[in-house]
Each structure stands twice: as C-alpha cells, then as structure tokens.
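Novice: One file is attached below, my_file.pdb, containing PDB, C-alpha atoms.
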```pdb
MODEL        1
ATOM      1  CA  MET Q   1       0.000   0.000   0.000
ATOM      2  CA  SER Q   2       1.194   3.529  -0.755
ATOM      3  CA  GLY Q   3      -0.033   6.917  -1.944
ATOM      4  CA  PHE Q   4      -1.026   9.863   0.208
ATOM      5  CA  VAL Q   5      -0.541   9.584   3.961
ATOM      6  CA  GLU Q   6      -3.118  12.384   4.253
ATOM      7  CA  LYS Q   7      -4.729  13.359   0.940
ATOM      8  CA  PRO Q   8      -5.401  17.108   0.906
ATOM      9  CA  GLU Q   9      -8.723  18.641  -0.006
ATOM     10  CA  PRO Q  10      -8.265  20.908  -3.040
ATOM     11  CA  ILE Q  11      -8.925  24.621  -2.603
ATOM     12  CA  GLN Q  12     -12.019  25.733  -4.469
ATOM     13  CA  VAL Q  13     -11.647  28.941  -6.495
ATOM     14  CA  PRO Q  14     -14.511  30.589  -8.418
ATOM     15  CA  GLY Q  15     -14.019  30.185 -12.145
ATOM     16  CA  LEU Q  16     -11.639  27.229 -11.766
ATOM     17  CA  VAL Q  17     -12.571  23.565 -12.039
ATOM     18  CA  HIS Q  18     -10.324  21.212 -10.072
ATOM     19  CA  LEU Q  19      -9.096  18.368 -12.284
ATOM     20  CA  HIS Q  20      -6.448  16.434 -10.381
ATOM     21  CA  THR Q  21      -4.405  16.211  -7.190
ATOM     22  CA  GLY Q  22      -0.875  14.991  -7.949
ATOM     23  CA  LYS Q  23       2.047  14.190  -5.697
ATOM     24  CA  VAL Q  24       3.055  17.853  -5.671
ATOM     25  CA  ARG Q  25       0.712  19.803  -7.960
ATOM     26  CA  GLU Q  26      -2.968  20.679  -8.043
ATOM     27  CA  LEU Q  27      -4.365  20.982 -11.554
ATOM     28  CA  TYR Q  28      -7.336  23.183 -12.504
ATOM     29  CA  ARG Q  29      -8.974  24.390 -15.700
ATOM     30  CA  ASN Q  30     -10.046  28.003 -16.110
ATOM     31  CA  GLU Q  31     -13.025  29.343 -18.045
ATOM     32  CA  ALA Q  32     -10.843  29.929 -21.130
ATOM     33  CA  GLY Q  33      -9.915  26.239 -21.195
ATOM     34  CA  ASP Q  34      -6.338  26.786 -20.048
ATOM     35  CA  LEU Q  35      -4.716  24.677 -17.336
ATOM     36  CA  VAL Q  36      -3.767  26.218 -14.004
ATOM     37  CA  MET Q  37      -0.968  24.351 -12.186
ATOM     38  CA  VAL Q  38      -0.288  25.087  -8.536
ATOM     39  CA  ALA Q  39       2.871  23.592  -7.006
ATOM     40  CA  SER Q  40       2.392  22.718  -3.341
ATOM     41  CA  ASP Q  41       5.087  22.197  -0.712
ATOM     42  CA  ARG Q  42       4.318  18.467  -0.566
ATOM     43  CA  ILE Q  43       7.164  15.974  -0.822
ATOM     44  CA  SER Q  44       7.092  12.287  -1.717
ATOM     45  CA  ALA Q  45       9.449   9.400  -1.043
ATOM     46  CA  TYR Q  46       9.230   5.651  -1.560
ATOM     47  CA  ASP Q  47       5.883   6.061  -3.368
ATOM     48  CA  TRP Q  48       4.336   7.882  -0.386
ATOM     49  CA  VAL Q  49       3.312  11.537  -0.322
ATOM     50  CA  LEU Q  50       4.459  12.484   3.161
ATOM     51  CA  PRO Q  51       2.355  14.292   5.764
ATOM     52  CA  THR Q  52       5.040  16.969   6.304
ATOM     53  CA  GLU Q  53       5.554  19.841   3.863
ATOM     54  CA  ILE Q  54       8.840  21.552   2.959
ATOM     55  CA  PRO Q  55       8.417  25.356   3.139
ATOM     56  CA  ASP Q  56       9.064  27.187  -0.165
ATOM     57  CA  LYS Q  57       9.454  23.950  -2.118
ATOM     58  CA  GLY Q  58       6.583  24.677  -4.506
ATOM     59  CA  ARG Q  59       7.887  28.161  -5.244
ATOM     60  CA  VAL Q  60      11.411  26.872  -5.836
ATOM     61  CA  LEU Q  61      10.122  24.265  -8.308
ATOM     62  CA  THR Q  62       8.026  26.846 -10.143
ATOM     63  CA  GLN Q  63      10.647  29.595 -10.328
ATOM     64  CA  LEU Q  64      13.411  27.184 -11.322
ATOM     65  CA  SER Q  65      11.207  25.704 -14.061
ATOM     66  CA  LEU Q  66      10.493  29.183 -15.401
ATOM     67  CA  TRP Q  67      14.225  29.926 -15.494
ATOM     68  CA  TRP Q  68      14.943  26.708 -17.361
ATOM     69  CA  PHE Q  69      12.073  27.244 -19.820
ATOM     70  CA  ASP Q  70      13.889  30.427 -20.847
ATOM     71  CA  GLN Q  71      17.215  28.596 -21.252
ATOM     72  CA  LEU Q  72      15.606  26.000 -23.534
ATOM     73  CA  ALA Q  73      13.240  28.255 -25.491
ATOM     74  CA  ASP Q  74      15.205  28.102 -28.751
ATOM     75  CA  LEU Q  75      15.241  24.287 -28.609
ATOM     76  CA  VAL Q  76      11.616  23.549 -27.702
ATOM     77  CA  PRO Q  77       8.681  25.839 -26.845
ATOM     78  CA  HIS Q  78       7.040  25.568 -23.409
ATOM     79  CA  HIS Q  79       3.454  25.555 -22.248
ATOM     80  CA  VAL Q  80       3.416  28.593 -19.928
ATOM     81  CA  LEU Q  81       0.985  31.370 -20.844
ATOM     82  CA  SER Q  82       1.077  33.462 -17.674
ATOM     83  CA  THR Q  83       2.256  33.560 -14.067
ATOM     84  CA  GLU Q  84      -0.541  35.901 -12.972
ATOM     85  CA  LEU Q  85      -2.778  34.704 -10.160
ATOM     86  CA  PRO Q  86      -6.317  33.827 -11.244
ATOM     87  CA  ALA Q  87      -8.954  36.136  -9.795
ATOM     88  CA  GLY Q  88     -10.019  34.959  -6.353
ATOM     89  CA  ALA Q  89      -7.019  32.655  -5.865
ATOM     90  CA  PRO Q  90      -5.410  32.544  -2.406
ATOM     91  CA  ALA Q  91      -2.447  34.879  -1.875
ATOM     92  CA  ASP Q  92      -0.365  31.804  -1.003
ATOM     93  CA  TRP Q  93      -0.564  30.733  -4.666
ATOM     94  CA  ALA Q  94       1.728  33.606  -5.658
ATOM     95  CA  GLY Q  95       5.009  32.374  -7.119
ATOM     96  CA  ARG Q  96       3.805  28.784  -7.374
ATOM     97  CA  THR Q  97       1.099  29.098 -10.051
ATOM     98  CA  LEU Q  98       1.377  28.709 -13.826
ATOM     99  CA  VAL Q  99      -1.385  29.234 -16.370
ATOM    100  CA  CYS Q 100      -0.568  26.859 -19.223
ATOM    101  CA  LYS Q 101      -1.721  25.722 -22.634
ATOM    102  CA  SER Q 102      -3.817  22.592 -22.657
ATOM    103  CA  LEU Q 103      -1.816  20.074 -24.673
ATOM    104  CA  ARG Q 104      -2.288  16.609 -26.092
ATOM    105  CA  MET Q 105       0.209  14.930 -23.788
ATOM    106  CA  ALA Q 106       2.554  12.139 -24.846
ATOM    107  CA  PRO Q 107       2.008   9.158 -22.505
ATOM    108  CA  VAL Q 108       5.738   8.824 -21.815
ATOM    109  CA  GLU Q 109       8.202  10.030 -19.182
ATOM    110  CA  CYS Q 110      11.081  11.223 -21.360
ATOM    111  CA  VAL Q 111      14.228  10.481 -19.359
ATOM    112  CA  ALA Q 112      17.753  11.435 -20.347
ATOM    113  CA  ARG Q 113      20.774  10.011 -18.539
ATOM    114  CA  GLY Q 114      24.353  11.181 -18.719
ATOM    115  CA  TYR Q 115      25.525   9.248 -15.668
ATOM    116  CA  LEU Q 116      24.750   5.796 -14.315
ATOM    117  CA  THR Q 117      22.718   5.582 -11.110
ATOM    118  CA  GLY Q 118      19.268   4.709  -9.769
ATOM    119  CA  SER Q 119      17.128   2.272 -11.738
ATOM    120  CA  GLY Q 120      19.561   2.495 -14.642
ATOM    121  CA  LEU Q 121      22.361   1.201 -12.430
ATOM    122  CA  ALA Q 122      20.174  -1.666 -11.198
ATOM    123  CA  GLU Q 123      19.455  -2.788 -14.766
ATOM    124  CA  TYR Q 124      23.090  -2.342 -15.806
ATOM    125  CA  ARG Q 125      24.275  -4.619 -13.000
ATOM    126  CA  GLU Q 126      21.976  -7.357 -14.273
ATOM    127  CA  SER Q 127      22.396  -7.072 -18.046
ATOM    128  CA  ARG Q 128      24.924  -4.321 -18.918
ATOM    129  CA  THR Q 129      22.024  -2.424 -20.487
ATOM    130  CA  VAL Q 130      19.688   0.473 -19.614
ATOM    131  CA  CYS Q 131      16.252   0.337 -21.250
ATOM    132  CA  GLY Q 132      17.751  -2.231 -23.600
ATOM    133  CA  LEU Q 133      20.676   0.001 -24.647
ATOM    134  CA  ALA Q 134      24.018  -1.780 -24.350
ATOM    135  CA  LEU Q 135      26.649  -0.009 -22.242
ATOM    136  CA  PRO Q 136      30.386  -0.675 -21.775
ATOM    137  CA  GLU Q 137      31.748  -2.987 -19.104
ATOM    138  CA  GLY Q 138      33.264  -1.573 -15.944
ATOM    139  CA  LEU Q 139      30.788   1.193 -15.107
ATOM    140  CA  VAL Q 140      29.943   1.854 -11.450
ATOM    141  CA  ASP Q 141      27.496   3.985  -9.489
ATOM    142  CA  GLY Q 142      28.047   7.565 -10.650
ATOM    143  CA  SER Q 143      30.040   6.754 -13.807
ATOM    144  CA  GLU Q 144      29.697   9.216 -16.683
ATOM    145  CA  LEU Q 145      28.272   7.491 -19.750
ATOM    146  CA  PRO Q 146      30.017   7.689 -23.140
ATOM    147  CA  GLY Q 147      27.189  10.011 -24.215
ATOM    148  CA  PRO Q 148      23.664  10.934 -23.085
ATOM    149  CA  ILE Q 149      21.036   8.239 -23.615
ATOM    150  CA  PHE Q 150      17.245   8.361 -23.927
ATOM    151  CA  THR Q 151      15.675   5.962 -21.416
ATOM    152  CA  PRO Q 152      11.894   6.444 -21.439
ATOM    153  CA  ALA Q 153       9.445   5.250 -18.828
ATOM    154  CA  THR Q 154       5.715   4.786 -18.551
ATOM    155  CA  LYS Q 155       3.799   7.275 -16.419
ATOM    156  CA  ALA Q 156       2.560   5.822 -13.131
ATOM    157  CA  ALA Q 157      -0.328   6.801 -10.885
ATOM    158  CA  VAL Q 158       0.311   8.258  -7.423
ATOM    159  CA  GLY Q 159       1.703   5.480  -5.230
ATOM    160  CA  GLU Q 160       3.060   3.418  -8.127
ATOM    161  CA  HIS Q 161       6.446   3.183  -9.823
ATOM    162  CA  ASP Q 162       7.224   4.495 -13.278
ATOM    163  CA  GLU Q 163       8.432   1.547 -15.361
ATOM    164  CA  ASN Q 164      11.391   1.826 -17.719
ATOM    165  CA  VAL Q 165      10.591   0.780 -21.281
ATOM    166  CA  SER Q 166      12.549   0.422 -24.496
ATOM    167  CA  TYR Q 167      12.582   2.975 -27.288
ATOM    168  CA  GLU Q 168      10.927   0.380 -29.488
ATOM    169  CA  GLU Q 169       8.016   0.174 -27.046
ATOM    170  CA  VAL Q 170       7.614   3.962 -27.137
ATOM    171  CA  ALA Q 171       7.587   3.850 -30.945
ATOM    172  CA  ARG Q 172       4.926   1.152 -30.811
ATOM    173  CA  GLN Q 173       2.764   3.254 -28.471
ATOM    174  CA  VAL Q 174       3.063   6.695 -30.095
ATOM    175  CA  GLY Q 175       4.397   5.998 -33.580
ATOM    176  CA  ALA Q 176       7.915   6.119 -34.997
ATOM    177  CA  ASP Q 177       7.847   9.807 -35.947
ATOM    178  CA  THR Q 178       6.630  10.975 -32.531
ATOM    179  CA  ALA Q 179       9.088   8.699 -30.740
ATOM    180  CA  ALA Q 180      11.937  10.185 -32.759
ATOM    181  CA  GLN Q 181      10.752  13.721 -31.933
ATOM    182  CA  LEU Q 182      10.584  12.904 -28.226
ATOM    183  CA  ARG Q 183      14.067  11.392 -28.207
ATOM    184  CA  GLN Q 184      15.620  14.271 -30.139
ATOM    185  CA  ALA Q 185      14.016  16.959 -27.950
ATOM    186  CA  THR Q 186      14.882  15.139 -24.733
ATOM    187  CA  LEU Q 187      18.555  14.700 -25.584
ATOM    188  CA  ALA Q 188      18.906  18.243 -26.940
ATOM    189  CA  ALA Q 189      17.357  19.748 -23.794
ATOM    190  CA  TYR Q 190      19.422  17.515 -21.514
ATOM    191  CA  THR Q 191      22.659  18.399 -23.298
ATOM    192  CA  ARG Q 192      21.944  22.142 -23.077
ATOM    193  CA  ALA Q 193      21.034  21.878 -19.388
ATOM    194  CA  ARG Q 194      24.015  19.626 -18.587
ATOM    195  CA  ASP Q 195      26.405  22.188 -20.057
ATOM    196  CA  ILE Q 196      24.771  25.105 -18.221
ATOM    197  CA  ALA Q 197      24.824  23.216 -14.921
ATOM    198  CA  ARG Q 198      28.447  22.169 -15.439
ATOM    199  CA  GLU Q 199      29.471  25.833 -15.764
ATOM    200  CA  ARG Q 200      27.946  26.350 -12.310
ATOM    201  CA  GLY Q 201      29.748  23.430 -10.680
ATOM    202  CA  ILE Q 202      26.800  21.040 -10.801
ATOM    203  CA  ILE Q 203      26.512  17.676 -12.529
ATOM    204  CA  LEU Q 204      23.132  16.926 -14.116
ATOM    205  CA  ALA Q 205      23.165  13.151 -13.818
ATOM    206  CA  ASP Q 206      19.724  12.563 -15.300
ATOM    207  CA  THR Q 207      16.376  14.268 -15.733
ATOM    208  CA  LYS Q 208      12.885  13.624 -17.018
ATOM    209  CA  PHE Q 209      10.708  15.754 -19.269
ATOM    210  CA  GLU Q 210       7.050  15.641 -20.192
ATOM    211  CA  PHE Q 211       6.002  16.708 -23.660
ATOM    212  CA  GLY Q 212       2.709  17.389 -25.360
ATOM    213  CA  PHE Q 213       1.483  18.637 -28.702
ATOM    214  CA  ASP Q 214      -0.077  22.005 -29.469
ATOM    215  CA  GLY Q 215      -1.480  21.070 -32.847
ATOM    216  CA  ASP Q 216       1.569  19.577 -34.576
ATOM    217  CA  THR Q 217       4.100  21.452 -32.431
ATOM    218  CA  LEU Q 218       6.000  19.578 -29.733
ATOM    219  CA  VAL Q 219       5.913  21.516 -26.446
ATOM    220  CA  VAL Q 220       7.659  20.836 -23.138
ATOM    221  CA  ALA Q 221       5.266  20.840 -20.177
ATOM    222  CA  ASP Q 222       4.945  20.375 -16.434
ATOM    223  CA  GLU Q 223       8.175  21.136 -14.524
ATOM    224  CA  VAL Q 224      11.651  21.039 -16.013
ATOM    225  CA  LEU Q 225      15.081  20.456 -14.517
ATOM    226  CA  THR Q 226      14.111  20.800 -10.863
ATOM    227  CA  PRO Q 227      15.412  18.758  -7.910
ATOM    228  CA  ASP Q 228      12.136  16.795  -8.089
ATOM    229  CA  SER Q 229      12.613  15.779 -11.727
ATOM    230  CA  SER Q 230      16.417  15.595 -11.901
ATOM    231  CA  ARG Q 231      19.493  14.369 -10.116
ATOM    232  CA  PHE Q 232      21.859  17.270  -9.476
ATOM    233  CA  TRP Q 233      25.234  16.492  -7.889
ATOM    234  CA  PRO Q 234      27.846  18.967  -6.628
ATOM    235  CA  ALA Q 235      30.700  18.499  -9.095
ATOM    236  CA  GLU Q 236      33.391  19.013  -6.474
ATOM    237  CA  GLN Q 237      32.126  15.960  -4.557
ATOM    238  CA  TRP Q 238      31.616  13.633  -7.521
ATOM    239  CA  GLU Q 239      33.283  10.286  -6.862
ATOM    240  CA  PRO Q 240      32.193   7.304  -8.997
ATOM    241  CA  GLY Q 241      31.799   4.050  -7.128
ATOM    242  CA  ARG Q 242      29.464   5.318  -4.413
ATOM    243  CA  ALA Q 243      26.167   7.134  -3.999
ATOM    244  CA  GLN Q 244      26.677  10.835  -4.752
ATOM    245  CA  PRO Q 245      25.622  13.768  -2.569
ATOM    246  CA  SER Q 246      22.545  15.220  -4.245
ATOM    247  CA  TYR Q 247      20.404  18.364  -4.412
ATOM    248  CA  ASP Q 248      17.110  16.603  -3.916
ATOM    249  CA  LYS Q 249      15.076  14.693  -1.355
ATOM    250  CA  GLN Q 250      17.753  12.102  -0.611
ATOM    251  CA  TYR Q 251      18.037  13.564   2.887
ATOM    252  CA  VAL Q 252      14.373  12.647   3.408
ATOM    253  CA  ARG Q 253      14.859   9.135   2.021
ATOM    254  CA  ASP Q 254      17.898   8.573   4.239
ATOM    255  CA  TRP Q 255      16.036   9.681   7.362
ATOM    256  CA  LEU Q 256      12.997   7.517   6.576
ATOM    257  CA  THR Q 257      15.188   4.416   6.352
ATOM    258  CA  SER Q 258      17.215   5.308   9.463
ATOM    259  CA  ALA Q 259      16.741   3.922  12.957
ATOM    260  CA  GLU Q 260      15.647   7.381  14.109
ATOM    261  CA  SER Q 261      12.463   7.281  12.017
ATOM    262  CA  GLY Q 262      11.438   3.840  13.269
ATOM    263  CA  TRP Q 263       9.654   3.198   9.955
ATOM    264  CA  ASP Q 264       9.735  -0.195   8.250
ATOM    265  CA  ARG Q 265       9.654   0.469   4.528
ATOM    266  CA  ALA Q 266       8.585  -3.115   3.857
ATOM    267  CA  SER Q 267       5.496  -2.761   6.043
ATOM    268  CA  GLU Q 268       2.130  -1.425   4.919
ATOM    269  CA  GLN Q 269       2.295   1.345   7.490
ATOM    270  CA  PRO Q 270       2.590   4.912   6.196
ATOM    271  CA  PRO Q 271       5.813   6.795   6.963
ATOM    272  CA  PRO Q 272       5.952   9.161   9.952
ATOM    273  CA  ALA Q 273       6.030  12.954   9.978
ATOM    274  CA  LEU Q 274       9.433  14.503   9.337
ATOM    275  CA  PRO Q 275      11.290  16.171  12.216
ATOM    276  CA  GLN Q 276      12.194  19.837  11.920
ATOM    277  CA  HIS Q 277      15.898  19.220  11.269
ATOM    278  CA  VAL Q 278      15.046  17.098   8.206
ATOM    279  CA  VAL Q 279      12.586  19.727   6.965
ATOM    280  CA  ASP Q 280      15.172  22.498   7.369
ATOM    281  CA  ALA Q 281      17.980  20.543   5.689
ATOM    282  CA  THR Q 282      15.750  19.542   2.767
ATOM    283  CA  ARG Q 283      14.544  23.104   2.220
ATOM    284  CA  ALA Q 284      18.170  24.270   2.241
ATOM    285  CA  LYS Q 285      19.048  21.750  -0.499
ATOM    286  CA  TYR Q 286      16.249  22.989  -2.773
ATOM    287  CA  VAL Q 287      17.175  26.643  -2.214
ATOM    288  CA  GLU Q 288      20.885  25.946  -2.789
ATOM    289  CA  ALA Q 289      20.111  24.188  -6.080
ATOM    290  CA  TYR Q 290      18.080  27.195  -7.217
ATOM    291  CA  GLU Q 291      20.762  29.689  -6.258
ATOM    292  CA  ARG Q 292      23.693  27.768  -7.731
ATOM    293  CA  LEU Q 293      21.942  27.071 -11.017
ATOM    294  CA  THR Q 294      20.378  30.483 -11.618
ATOM    295  CA  GLY Q 295      22.959  32.701  -9.920
ATOM    296  CA  LEU Q 296      20.026  34.454  -8.230
ATOM    297  CA  SER Q 297      19.436  34.911  -4.511
ATOM    298  CA  TRP Q 298      16.375  33.197  -3.044
ATOM    299  CA  SER Q 299      14.257  35.580  -1.000
TER
ENDMDL
END
```
What would you get if you wrote out this structure as structure tokens?
Specialist:
Amino acid sequence: MSGFVEKPEPIQVPGLVHLHTGKVRELYRNEAGDLVMVASDRISAYDWVLPTEIPDKGRVLTQLSLWWFDQLADLVPHHVLSTELPAGAPADWAGRTLVCKSLRMAPVECVARGYLTGSGLAEYRESRTVCGLALPEGLVDGSELPGPIFTPATKAAVGEHDENVSYEEVARQVGADTAAQLRQATLAAYTRARDIARERGIILADTKFEFGFDGDTLVVADEVLTPDSSRFWPAEQWEPGRAQPSYDKQYVRDWLTSAESGWDRASEQPPPALPQHVVDATRAKYVEAYERLTGLSWS
C-alpha cells in the first residue's frame, strides 16, 4: 500500500474547475480552457506523499522551471501562458502558479541520462544495459556514460512506480515519428542543461521531461530540470563508485530508512512525519540548487 498519507482537499476557487491532485501539484482548468498548475510544498518518497511539507518547495520548483524554460526556449517551446494569479485565488498561490496551454500529452516520461545511477544502475548490473541500450563494461554507481542516452518510462499513478521501457516500445505506443521527436528533444534539452549546470559546478546526472502537442508542435510541459525531476550532484564531490551527494530529497529518504524514524519500509504502514531538522535541511538543499543554477538569490 502507498499513496497519500493524508490526501489534501483541493482549494475551491470561483471560475476554476479542479481536475487532479498529484504528488506535488494541483491541476485546474479556467473558463478559457487553459490549465492552471499550482505547485504545493508536498514531498514524496518511496511512493508515499508524506504528511510533512517543505516550506518554499513549490515556489522553488516553479521559479526554477520558469528559469529553465527560458534557457531551452530556442530548442523547444514551453506551455506557460502566464504567471498571474487567477482572480479569487489565495495569496499563497503567488510564485507557485502557472497558467498553461492545454496540450495533447505524450504518454511517456522522457528520461535522459548522462551518468549511471538509480534504476539504470540496477538494470546495468543485471544485463549491462539500460532500457535495452548496451553499455560498456566496468561502469559503477556515478560513472559518466560515453554520451547521453534516452531511457523512457511509462507514467505511473500516485503510489506506483514508473516503469522503464525500451525505445521500441515507445515507438509502438506513439508511432515512430513521434518517438523520434521525443528522443531528439529530450537529448537536446538535456545536453543544453548539462552544459549550463556544469558551468555552475553542478553535474546533471539525469532528468525527465514531459512533452505534449499544441497542434503539430511539440511543447515541453509540467516542470523542467528541478530537484524533483532531476538528479543534481555537486561536481566538487563527484566520486564514482558510491552514492553521490545530491540536491534533492535524498536527505528525506535517508532519514525515513534510518533507525531514528522507526519506519519499516517493507510494512504497509505509512511513513511518519518529518522532524524539523530534516525539513530544514531539505529546504536548504532545494534553495541551494536554485541559487547555484540560476545565480540568483532566493528571498
């Protein structure tokens, strides 16, 4: 069993129809037919959405995504129409709300990897492949790959795992032309972002994008290149052969599996609330990622 420890009730706003509660975002539709995405401060780990929020997390995700959309704009258009608050929306939505085009979404998590870790490492240890792509012998946790690879996954519901699939399976699902577009856009965006991050002393190990179509035009959607959708490592601490320090929720995962939490991940019991020191340290990681990547001060 997994999912929400405590599923929130969506805020009702006149003129907006609530469509979906995700792990982090609430999704609405306005009277013009546009989507309104609101990033909460929720955090998930081990397929659970935890009962404790991380202050400022939703704003960091939103502002960092906006920054990255600008960096990628010449490669692929994005879905954002406005950052203005809808009339009647709570003041707390400021800085965490995007009004977006409604797209015909591709049913694929478009993952790019430049380094070996996570589920890719697990598959490599078994078969020397990732999503069916053959890789050289001798790679270890944190190894840089010979070049970026496209390793798509199916989209999973809240509480379930995304499942890695082969490129051939994506082509079967969406057609060869669309699959080729998704792969090209994913690798181009990853390569641009990897190079920008590297200039700032950060390794972009892997990331996932979501794409949709506005008519025949491929558009990048949702969030991009945030600590929730990417693995960012401090370059000065990179050391292949071990788990890397990371600008994401690894601090939360480590605490949940520690003796201090008292939680048995293998049980059906939901995880406990996070203590303040874990909340503070996790917030600091998100803010540091924003500041190092953008060069801007978080206020």
Novice: Please enumerate the residues selected by the PyMOL selection byres ((chain Q and resi 79) around 7) when evaluated against the supplied file, formatted as a PyMOL selection string.
Specialist: chain Q and resi 77-78+80-81+100-101+219-221
Novice: Using only C-alpha atoms, find the one residue out of Q:Gln237, Q:Gln244, Q:Ser40, Q:Thr151 that sits nearest to Arg59 in chain Q.
Specialist: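 Distance minimum relative to Arg59 in chain Q lands on Q:Ser40.
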Novice: Report, in Å with one decimal, the straight-line distance from CA of Tyr247 in chain Q to CA of Pro234 in chain Q.
Specialist: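 For CA of Tyr247 in chain Q relative to CA of Pro234 in chain Q, the distance reads 7.8 Å.
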Novice: Fewer than 4 positions away in the same chain doesn't count, so skip those; otherwise give me all residues within 12 Å of Lys7 in chain Q, counting only C-alpha atoms, as a PyMOL selection string.
Specialist: chain Q and resi 2-3+20-24+26+42+48-52+158-159
Novice: By how many Å are CA of Thr83 in chain Q and CA of Ala106 in chain Q apart?
Specialist: 24.0 Å
Novice: Would you mind telling me which residue in Q:Tyr46, Q:Phe69, Q:Tyr167, Q:Tyr115 lies nearest to Leu133 in chain Q when using only C-alpha atoms?
Specialist: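 Checking each candidate against Leu133 in chain Q, we get Q:Tyr167 as the closest.
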Novice: Could you tell me which residues the PyMOL selection byres ((chain Q and resi 232) around 8) returns for this structure, as a list in words?
Specialist: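 The output of the PyMOL selection byres ((chain Q and resi 232) around 8) on this file is Ile202, Ile203, Leu204, Ala205, Asp206, Pro227, Ser230, Arg231, Trp233, Pro234, Ser246, Tyr247, Asp248 and Ala289 of chain Q.
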Novice: Enter the distance from CA of Thr282 in chain Q to CA of Arg265 in chain Q, in Å, rounded to one decimal.
Specialist: 20.1 Å
Novice: From the set Q:Cys110, Q:Ala171, Q:Cys131, Q:Val99, which residue has the shortest atom-to-atom contact distance to Leu187 in chain Q, counting all atoms listed in the file?
Specialist: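 Ranking Q:Cys110, Q:Ala171, Q:Cys131, Q:Val99 by distance to Leu187 in chain Q, first place goes to Q:Cys110.
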Novice: Using only C-alpha atoms for the distances, tell me which of Q:Gly114, Q:Asp222, Q:Glu109, Q:Thr154 is nearest to Arg183 in chain Q.
Specialist: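 Among the listed residues, the smallest separation from Arg183 in chain Q belongs to Q:Glu109.
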Novice: Please list as an MDAnalysis selection string every residue within 6 Å of Leu27 in chain Q, counting all atoms listed in the file and excluding residues in the same chain fewer than 3 positions away.
Specialist: chainID Q and resid 19:20 36:37
Novice: Specify as a list in words each residue included when the PyMOL selection byres ((chain Q and resi 225) around 10) is applied to this file.
Specialist: Leu61, Leu64, Ser65, Leu66, Trp67, Trp68, Phe69, Ala189, Tyr190, Ala193, Arg194, Leu204, Asp206, Thr207, Lys208, Phe209, Glu223, Val224, Thr226, Pro227, Asp228, Ser229, Ser230, Arg231 and Phe232 of chain Q
Novice: Find the residue from Q:Ser258, Q:Gln181, Q:Ser143, Q:Ser119 that sits nearest to Val76 in chain Q; use only C-alpha atoms when measuring.
Specialist: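 Distance minimum relative to Val76 in chain Q lands on Q:Gln181.
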Novice: Looking at only C-alpha atoms, which of Q:Arg192, Q:Arg292, Q:Lys155, Q:Arg25 is the one that sits closest to Asp74 in chain Q?
Specialist: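 Closest residue, counting only C-alpha atoms: Q:Arg192.
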Novice: For Gly262 in chain Q, work out the shell of residues within 12 Å, counting all atoms listed in the file and skipping chain neighbours fewer than 5 positions away, then give it as number ranges by chain.
Specialist: Q: 255-257, 267, 269-274
Novice: Would you pick out the contacts of His18 in chain Q at 9 Å or less, using all atoms listed in the file, so that residues sharing its chain but fewer than 6 positions from it are not included, and give the list as a PDB file with C-alpha atoms, in the frame of the given file?
Specialist:
```pdb
ATOM      1  CA  PRO Q  10      -8.265  20.908  -3.040  1.00  0.00           C
ATOM      2  CA  ILE Q  11      -8.925  24.621  -2.603  1.00  0.00           C
ATOM      3  CA  GLN Q  12     -12.019  25.733  -4.469  1.00  0.00           C
ATOM      4  CA  GLU Q  26      -2.968  20.679  -8.043  1.00  0.00           C
ATOM      5  CA  LEU Q  27      -4.365  20.982 -11.554  1.00  0.00           C
ATOM      6  CA  TYR Q  28      -7.336  23.183 -12.504  1.00  0.00           C
ATOM      7  CA  ARG Q  29      -8.974  24.390 -15.700  1.00  0.00           C
TER       8      ARG Q  29
END
```
Novice: Leaving out Lys57 in chain Q and any residue of its chain fewer than 3 positions from it, which residues lie within 7 Å of it when counting only C-alpha atoms, given as a PDB file with C-alpha atoms, in the coordinates of the input?
Specialist:
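Final output, saved to part22.pdb:
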```pdb
ATOM      1  CA  ASP Q  41       5.087  22.197  -0.712  1.00  0.00           C
ATOM      2  CA  ILE Q  54       8.840  21.552   2.959  1.00  0.00           C
ATOM      3  CA  VAL Q  60      11.411  26.872  -5.836  1.00  0.00           C
ATOM      4  CA  LEU Q  61      10.122  24.265  -8.308  1.00  0.00           C
ATOM      5  CA  ARG Q 283      14.544  23.104   2.220  1.00  0.00           C
ATOM      6  CA  TYR Q 286      16.249  22.989  -2.773  1.00  0.00           C
TER       7      TYR Q 286
END
```
Novice: At a cut-off of 10 Å around the point (27.4, 7.4, -10.2) (file coordinates), what residues fall inside when counting all atoms listed in the file? I'd like the answer as a PyMOL selection string.
Specialist: chain Q and resi 114-118+121+139-145+205+233+238-244
Novice: Please, what is the axis-aligned box for every listed atom of range 24-33 of chain Q with 6 Å on each side, as centre and edge lengths in Å to one decimal, as AutoDock Vina command-line options?
Specialist:
```
--center_x -5.0 --center_y 23.9 --center_z -13.4 --size_x 28.1 --size_y 24.1 --size_z 27.5
```
